[in-house]
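> My structure is in model.txt, and what it holds is compact mmCIF, N, CA and C atoms:
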```txt
# COMPACT_ATOMS: atom_id res chain seq x y z
N MET A 1 0.84 -1.17 0.00
CA MET A 1 0.00 0.00 0.00
C MET A 1 0.89 1.24 0.00
N THR A 2 0.62 2.16 -0.89
CA THR A 2 1.40 3.39 -0.95
C THR A 2 0.84 4.42 0.01
N ALA A 3 1.62 5.45 0.27
CA ALA A 3 1.20 6.50 1.18
C ALA A 3 -0.08 7.17 0.69
N GLU A 4 -0.24 7.29 -0.61
CA GLU A 4 -1.43 7.92 -1.16
C GLU A 4 -2.69 7.09 -0.93
N GLU A 5 -2.54 5.78 -0.75
CA GLU A 5 -3.68 4.89 -0.55
C GLU A 5 -4.08 4.76 0.90
N GLN A 6 -3.28 5.26 1.84
CA GLN A 6 -3.57 5.13 3.26
C GLN A 6 -4.45 6.27 3.75
N THR A 7 -5.30 5.94 4.71
CA THR A 7 -6.04 6.99 5.41
C THR A 7 -5.12 7.59 6.46
N ARG A 8 -5.50 8.72 7.01
CA ARG A 8 -4.70 9.34 8.06
C ARG A 8 -4.57 8.41 9.25
N GLU A 9 -5.65 7.72 9.62
CA GLU A 9 -5.62 6.81 10.75
C GLU A 9 -4.67 5.64 10.51
N GLU A 10 -4.66 5.10 9.30
CA GLU A 10 -3.75 4.01 8.98
C GLU A 10 -2.29 4.48 9.05
N ALA A 11 -2.04 5.68 8.55
CA ALA A 11 -0.68 6.22 8.59
C ALA A 11 -0.24 6.45 10.03
N LEU A 12 -1.13 6.96 10.87
CA LEU A 12 -0.78 7.19 12.28
C LEU A 12 -0.55 5.87 13.01
N SER A 13 -1.30 4.84 12.66
CA SER A 13 -1.09 3.52 13.25
C SER A 13 0.30 3.00 12.91
N GLN A 14 0.69 3.12 11.66
CA GLN A 14 2.03 2.68 11.23
C GLN A 14 3.11 3.50 11.93
N LEU A 15 2.87 4.79 12.06
CA LEU A 15 3.83 5.65 12.74
C LEU A 15 4.01 5.22 14.20
N ALA A 16 2.89 4.97 14.88
CA ALA A 16 2.96 4.55 16.29
C ALA A 16 3.68 3.22 16.43
N LEU A 17 3.35 2.27 15.59
CA LEU A 17 4.00 0.96 15.66
C LEU A 17 5.51 1.10 15.45
N ARG A 18 5.91 1.82 14.42
CA ARG A 18 7.34 1.97 14.13
C ARG A 18 8.05 2.77 15.22
N TYR A 19 7.39 3.79 15.76
CA TYR A 19 8.01 4.60 16.81
C TYR A 19 8.28 3.76 18.05
N PHE A 20 7.24 3.07 18.54
CA PHE A 20 7.41 2.30 19.77
C PHE A 20 8.30 1.08 19.57
N ALA A 21 8.32 0.51 18.36
CA ALA A 21 9.19 -0.64 18.09
C ALA A 21 10.66 -0.23 18.07
N THR A 22 10.94 1.00 17.67
CA THR A 22 12.33 1.42 17.54
C THR A 22 12.81 2.32 18.66
N ARG A 23 11.89 2.95 19.39
CA ARG A 23 12.28 3.90 20.42
C ARG A 23 11.70 3.60 21.79
N GLY A 24 10.91 2.55 21.88
CA GLY A 24 10.27 2.21 23.15
C GLY A 24 11.21 1.52 24.10
N PRO A 25 10.88 1.42 25.35
CA PRO A 25 9.63 1.92 25.92
C PRO A 25 9.61 3.45 25.95
N ALA A 26 8.45 3.98 25.62
CA ALA A 26 8.26 5.43 25.57
C ALA A 26 6.82 5.73 25.97
N THR A 27 6.56 6.98 26.29
CA THR A 27 5.21 7.38 26.69
C THR A 27 4.44 7.93 25.49
N ILE A 28 3.14 8.08 25.67
CA ILE A 28 2.30 8.69 24.64
C ILE A 28 2.78 10.12 24.38
N LYS A 29 3.15 10.83 25.44
CA LYS A 29 3.65 12.20 25.28
C LYS A 29 4.95 12.22 24.48
N ASP A 30 5.79 11.21 24.64
CA ASP A 30 7.02 11.12 23.85
C ASP A 30 6.69 11.04 22.36
N LEU A 31 5.74 10.17 22.02
CA LEU A 31 5.32 10.04 20.62
C LEU A 31 4.73 11.34 20.12
N ALA A 32 3.88 11.96 20.90
CA ALA A 32 3.24 13.21 20.49
C ALA A 32 4.28 14.29 20.20
N GLY A 33 5.25 14.44 21.09
CA GLY A 33 6.28 15.45 20.90
C GLY A 33 7.18 15.16 19.72
N TRP A 34 7.56 13.90 19.55
CA TRP A 34 8.45 13.50 18.47
C TRP A 34 7.80 13.68 17.11
N ALA A 35 6.50 13.36 17.02
CA ALA A 35 5.81 13.38 15.73
C ALA A 35 4.98 14.66 15.52
N SER A 36 5.05 15.60 16.45
CA SER A 36 4.27 16.84 16.37
C SER A 36 2.77 16.55 16.26
N LEU A 37 2.31 15.63 17.10
CA LEU A 37 0.90 15.28 17.19
C LEU A 37 0.33 15.82 18.48
N THR A 38 -1.00 15.90 18.55
CA THR A 38 -1.61 16.18 19.84
C THR A 38 -1.56 14.90 20.66
N VAL A 39 -1.71 15.03 21.97
CA VAL A 39 -1.72 13.84 22.82
C VAL A 39 -2.90 12.95 22.45
N ALA A 40 -4.03 13.55 22.11
CA ALA A 40 -5.21 12.77 21.70
C ALA A 40 -4.94 11.98 20.43
N GLU A 41 -4.26 12.59 19.45
CA GLU A 41 -3.92 11.88 18.21
C GLU A 41 -2.95 10.74 18.49
N ALA A 42 -1.95 11.00 19.34
CA ALA A 42 -0.96 9.97 19.67
C ALA A 42 -1.64 8.81 20.42
N ARG A 43 -2.54 9.12 21.34
CA ARG A 43 -3.25 8.09 22.09
C ARG A 43 -4.12 7.24 21.15
N ALA A 44 -4.82 7.89 20.24
CA ALA A 44 -5.65 7.16 19.27
C ALA A 44 -4.79 6.26 18.38
N ALA A 45 -3.64 6.76 17.96
CA ALA A 45 -2.74 5.96 17.13
C ALA A 45 -2.25 4.75 17.89
N ARG A 46 -1.87 4.93 19.16
CA ARG A 46 -1.39 3.82 19.98
C ARG A 46 -2.47 2.78 20.17
N GLU A 47 -3.69 3.22 20.43
CA GLU A 47 -4.80 2.30 20.68
C GLU A 47 -5.21 1.51 19.44
N SER A 48 -4.84 2.01 18.27
CA SER A 48 -5.21 1.32 17.03
C SER A 48 -4.24 0.21 16.65
N VAL A 49 -3.16 0.07 17.41
CA VAL A 49 -2.13 -0.93 17.10
C VAL A 49 -2.22 -2.07 18.11
N SER A 50 -2.37 -3.29 17.61
CA SER A 50 -2.50 -4.44 18.51
C SER A 50 -1.16 -4.98 19.00
N GLY A 51 -0.06 -4.64 18.35
CA GLY A 51 1.24 -5.19 18.72
C GLY A 51 1.96 -4.41 19.81
N LEU A 52 1.23 -3.62 20.57
CA LEU A 52 1.82 -2.81 21.64
C LEU A 52 1.16 -3.15 22.96
N HIS A 53 1.90 -3.00 24.05
CA HIS A 53 1.29 -3.15 25.37
C HIS A 53 1.86 -2.12 26.33
N ASP A 54 1.12 -1.86 27.39
CA ASP A 54 1.51 -0.86 28.38
C ASP A 54 2.33 -1.49 29.49
N LEU A 55 3.25 -0.71 30.01
CA LEU A 55 4.11 -1.13 31.11
C LEU A 55 4.11 0.00 32.14
N GLU A 56 3.66 -0.31 33.35
CA GLU A 56 3.62 0.69 34.43
C GLU A 56 4.93 0.64 35.20
N VAL A 57 5.60 1.80 35.31
CA VAL A 57 6.84 1.90 36.06
C VAL A 57 6.79 3.20 36.85
N ALA A 58 6.85 3.08 38.17
CA ALA A 58 6.89 4.25 39.05
C ALA A 58 5.77 5.24 38.75
N GLY A 59 4.58 4.72 38.51
CA GLY A 59 3.43 5.58 38.28
C GLY A 59 3.30 6.16 36.88
N ARG A 60 4.20 5.80 35.99
CA ARG A 60 4.13 6.27 34.60
C ARG A 60 3.83 5.09 33.69
N THR A 61 3.09 5.36 32.64
CA THR A 61 2.74 4.32 31.68
C THR A 61 3.63 4.45 30.45
N TYR A 62 4.35 3.38 30.17
CA TYR A 62 5.20 3.31 28.99
C TYR A 62 4.60 2.31 28.01
N VAL A 63 4.80 2.56 26.74
CA VAL A 63 4.31 1.66 25.70
C VAL A 63 5.50 0.88 25.17
N VAL A 64 5.31 -0.43 25.04
CA VAL A 64 6.37 -1.33 24.60
C VAL A 64 5.83 -2.15 23.43
N ALA A 65 6.64 -2.32 22.40
CA ALA A 65 6.25 -3.14 21.25
C ALA A 65 6.55 -4.60 21.55
N ASP A 66 5.68 -5.48 21.07
CA ASP A 66 5.93 -6.92 21.16
C ASP A 66 6.91 -7.29 20.06
N THR A 67 8.17 -7.44 20.44
CA THR A 67 9.18 -7.79 19.45
C THR A 67 9.87 -9.07 19.87
N THR A 68 10.34 -9.78 18.90
CA THR A 68 11.07 -11.02 19.15
C THR A 68 12.56 -10.71 19.12
N PRO A 69 13.28 -11.12 20.16
CA PRO A 69 14.72 -10.87 20.14
C PRO A 69 15.38 -11.60 18.98
N PRO A 70 16.48 -11.06 18.45
CA PRO A 70 17.16 -11.72 17.34
C PRO A 70 17.72 -13.09 17.75
N ALA A 71 17.77 -13.98 16.80
CA ALA A 71 18.32 -15.31 17.05
C ALA A 71 19.83 -15.21 17.25
N MET A 72 20.38 -16.19 17.95
CA MET A 72 21.83 -16.22 18.17
C MET A 72 22.54 -16.21 16.82
N GLY A 73 23.55 -15.37 16.71
CA GLY A 73 24.33 -15.29 15.48
C GLY A 73 23.74 -14.37 14.44
N GLU A 74 22.51 -13.90 14.65
CA GLU A 74 21.89 -12.99 13.69
C GLU A 74 22.50 -11.60 13.86
N VAL A 75 22.80 -10.96 12.77
CA VAL A 75 23.40 -9.64 12.81
C VAL A 75 22.32 -8.61 13.12
N VAL A 76 22.60 -7.74 14.10
CA VAL A 76 21.67 -6.69 14.49
C VAL A 76 22.39 -5.35 14.37
N VAL A 77 21.75 -4.40 13.73
CA VAL A 77 22.31 -3.07 13.60
C VAL A 77 21.30 -2.09 14.17
N ASP A 78 21.71 -1.31 15.16
CA ASP A 78 20.88 -0.27 15.73
C ASP A 78 21.41 1.07 15.27
N LEU A 79 20.58 1.83 14.58
CA LEU A 79 20.96 3.16 14.14
C LEU A 79 20.42 4.16 15.15
N VAL A 80 21.32 4.83 15.84
CA VAL A 80 20.93 5.76 16.89
C VAL A 80 21.52 7.13 16.56
N GLN A 81 20.67 8.13 16.58
CA GLN A 81 21.14 9.48 16.30
C GLN A 81 22.07 9.96 17.40
N ALA A 82 23.14 10.56 17.01
CA ALA A 82 24.11 11.09 18.00
C ALA A 82 23.63 12.44 18.50
N TYR A 83 23.77 12.66 19.79
CA TYR A 83 23.44 13.94 20.40
C TYR A 83 24.70 14.54 20.99
N ASP A 84 24.84 15.84 20.85
CA ASP A 84 26.00 16.53 21.42
C ASP A 84 25.68 17.01 22.81
```
Please, can you express the file's structure as structure tokens?


Amino acid sequence: MTAEEQTREEALSQLALRYFATRGPATIKDLAGWASLTVAEARAARESVSGLHDLEVAGRTYVVADTTPPAMGEVVVDLVQAYD
């Protein structure tokens, strides 16, 4: 499916899934700030994705993606932006 064929809700769902899979655990506010969304939009996007679950830590709710760890010997590359 191309970007032109997606609805806004479908695009936000994909954004939420990719964000939490690559940057989680993170909060809804983290997603909202990173993607320039309202908290309501970020919350709706998170709720539309079934591959995510909430994790309560010290009174804060973090969203975590259900990911499978890489198999032994599998090459893993993490691209992380450098901060000064």

> Give me the residues within 9 Å of Gln14 in chain A as an NGL selection string, counting only C-alpha atoms and dropping any in the same chain fewer than 5 places off.

:A and (9 or 19 or 45 or 49)

> Using DSSP on the backbone coordinates, identify the residues of chain A assigned to strand (DSSP E or B); present them as a VMD selection string.

chain A and resid 26 52 to 57 60 to 65

> Which is closest to His53 in chain A among A:Ala40, A:Ala65, A:Leu31, A:Val80, if we use only N, CA and C atoms?

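Answer, going by the shortest atom-to-atom distance: A:Ala65.
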
> Nearest to Thr67 in chain A: which of A:Glu4, A:Gln81, A:Leu52, A:Arg18 is it, counting only N, CA and C atoms?

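For Thr67 in chain A, the nearest of the candidates is A:Leu52.
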
> So, with all atoms listed in the file as the atoms that count, which of A:Ala21, A:Leu12, A:Ala58, A:Val64 lies closest to Glu41 in chain A?

A:Leu12

> Give me the residues near Tyr62 in chain A as a list in words, where near means some atom within 7 Å (using only N, CA and C atoms) and where sequence neighbours in that chain fewer than 4 positions away do not count.

Pro25, Ala26, Thr27, Ile28, His53, Asp54, Leu55, Glu56 and Val57 of chain A

> What does the structure give for the distance between atom N of Glu47 in chain A and atom N of Ala16 in chain A, in Å to one decimal?

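Pair atom N of Glu47 in chain A / atom N of Ala16 in chain A returns 8.8 Å.
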
> What is the distance between atom C of Asp30 in chain A and CA of Ser48 in chain A, in Å to one decimal?

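We find that atom C of Asp30 in chain A and CA of Ser48 in chain A lie 16.3 Å from each other.
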